[in-house]
Amino acid sequence: MTITVKQLSDAAEKQAAVRKILEALPEWFEIEASREAYIRESAQQLCFGAYENGECVGFLCLKETGKATVELAVMGVLKSHHRMGVGKLLFDAAKKTAQTIGYAFMQVKTVKMGVYPEYDDTNRFYLAVGFQELEVLPLWDEANPCQIYVMALN
């Protein structure tokens, strides 16, 4: 398996990649309004795509949340490519770009560990790439407590 990661610049290309992957991952992105918001917002974000034989198999989008902070806004990898290092390749490219731009911190929000098995895998991924727990907030609703992770980039 040879995966190449590239930064996407064309808004339509970003949205097509995000749509393809999110629609293939209903366990994480079943709420249509949220999924469509991710797709719409990706056009204005820093986005990276992972490709195998010219086909998009994953993506990651970053958005600025402050002068010094960027958020890993959304990412997804096709289930057929889970646990093959695709997410790590995407994250490494995004982190390097965020550092080059000059951001000092990166954050990510997800559902707290222990609520849903799918999100437990997500939490383990974020911890494995170096994020640290900041806090848990009732940002979305009681059934979906929001775990915020942070990472220093410098």
# chains A, B, ... in the order shown; residues from 1 in each chain; ligands from 1

call {"tool": "select_by_dssp", "arguments": {"residues": "region 93-151 of chain A", "states": "strand (DSSP E or B)", "output": "PyMOL selection string"}}
result
chain A and resi 105-111+132-141+144-151

call {"tool": "residues_around", "arguments": {"residues": "Asn123 (chain A)", "least_positions_apart": "5", "cutoff": "9 Å", "atoms": "only C-alpha atoms", "output": "PyMOL selection string"}}
result
chain A and resi 110-113+118+128+147

call {"tool": "select_by_dssp", "arguments": {"residues": "region 3-140 of chain A", "states": "helix (DSSP H, G or I)", "output": "ChimeraX atom specification"}}
result
/A:11-23,26-29,32-42,79-81,86-101,117-128

call {"tool": "residues_around", "arguments": {"residues": "region 19-36 of chain A", "least_positions_apart": "5", "cutoff": "10 Å", "atoms": "only C-alpha atoms", "output": "PyMOL selection string"}}
result
chain A and resi 13-14+41-42+56-59+74-79+116+118-119+122

call {"tool": "closest_residue", "arguments": {"among": "A:Thr2, A:Thr69, A:Gln7, A:Gln15", "to": "Phe105 (chain A)", "atoms": "only C-alpha atoms"}}
result
A:Thr69

call {"tool": "closest_residue", "arguments": {"among": "A:Val108, A:Ala17, A:Val86, A:Pro145", "to": "Glu133 (chain A)", "atoms": "only C-alpha atoms"}}
result
A:Val108

call {"tool": "residues_around", "arguments": {"residues": "Tyr149 (chain A)", "least_positions_apart": "5", "cutoff": "10 Å", "atoms": "only C-alpha atoms", "output": "list in words"}}
result
Glu71, Met106, Gln107, Val108, Lys109, Thr110, Asn123, Tyr126, Leu127, Gly130, Phe131, Gln132, Glu133, Leu134, Glu135 and Val136 of chain A

call {"tool": "residues_around", "arguments": {"residues": "Lys67 (chain A)", "least_positions_apart": "6", "cutoff": "10 Å", "atoms": "only C-alpha atoms", "output": "JSON, numbers by chain"}}
result
{"A": [102, 103, 104, 105]}

call {"tool": "atom_distance", "arguments": {"atom1": "CA of Trp140 (chain A)", "atom2": "CA of Leu90 (chain A)"}}
result
26.2 Å
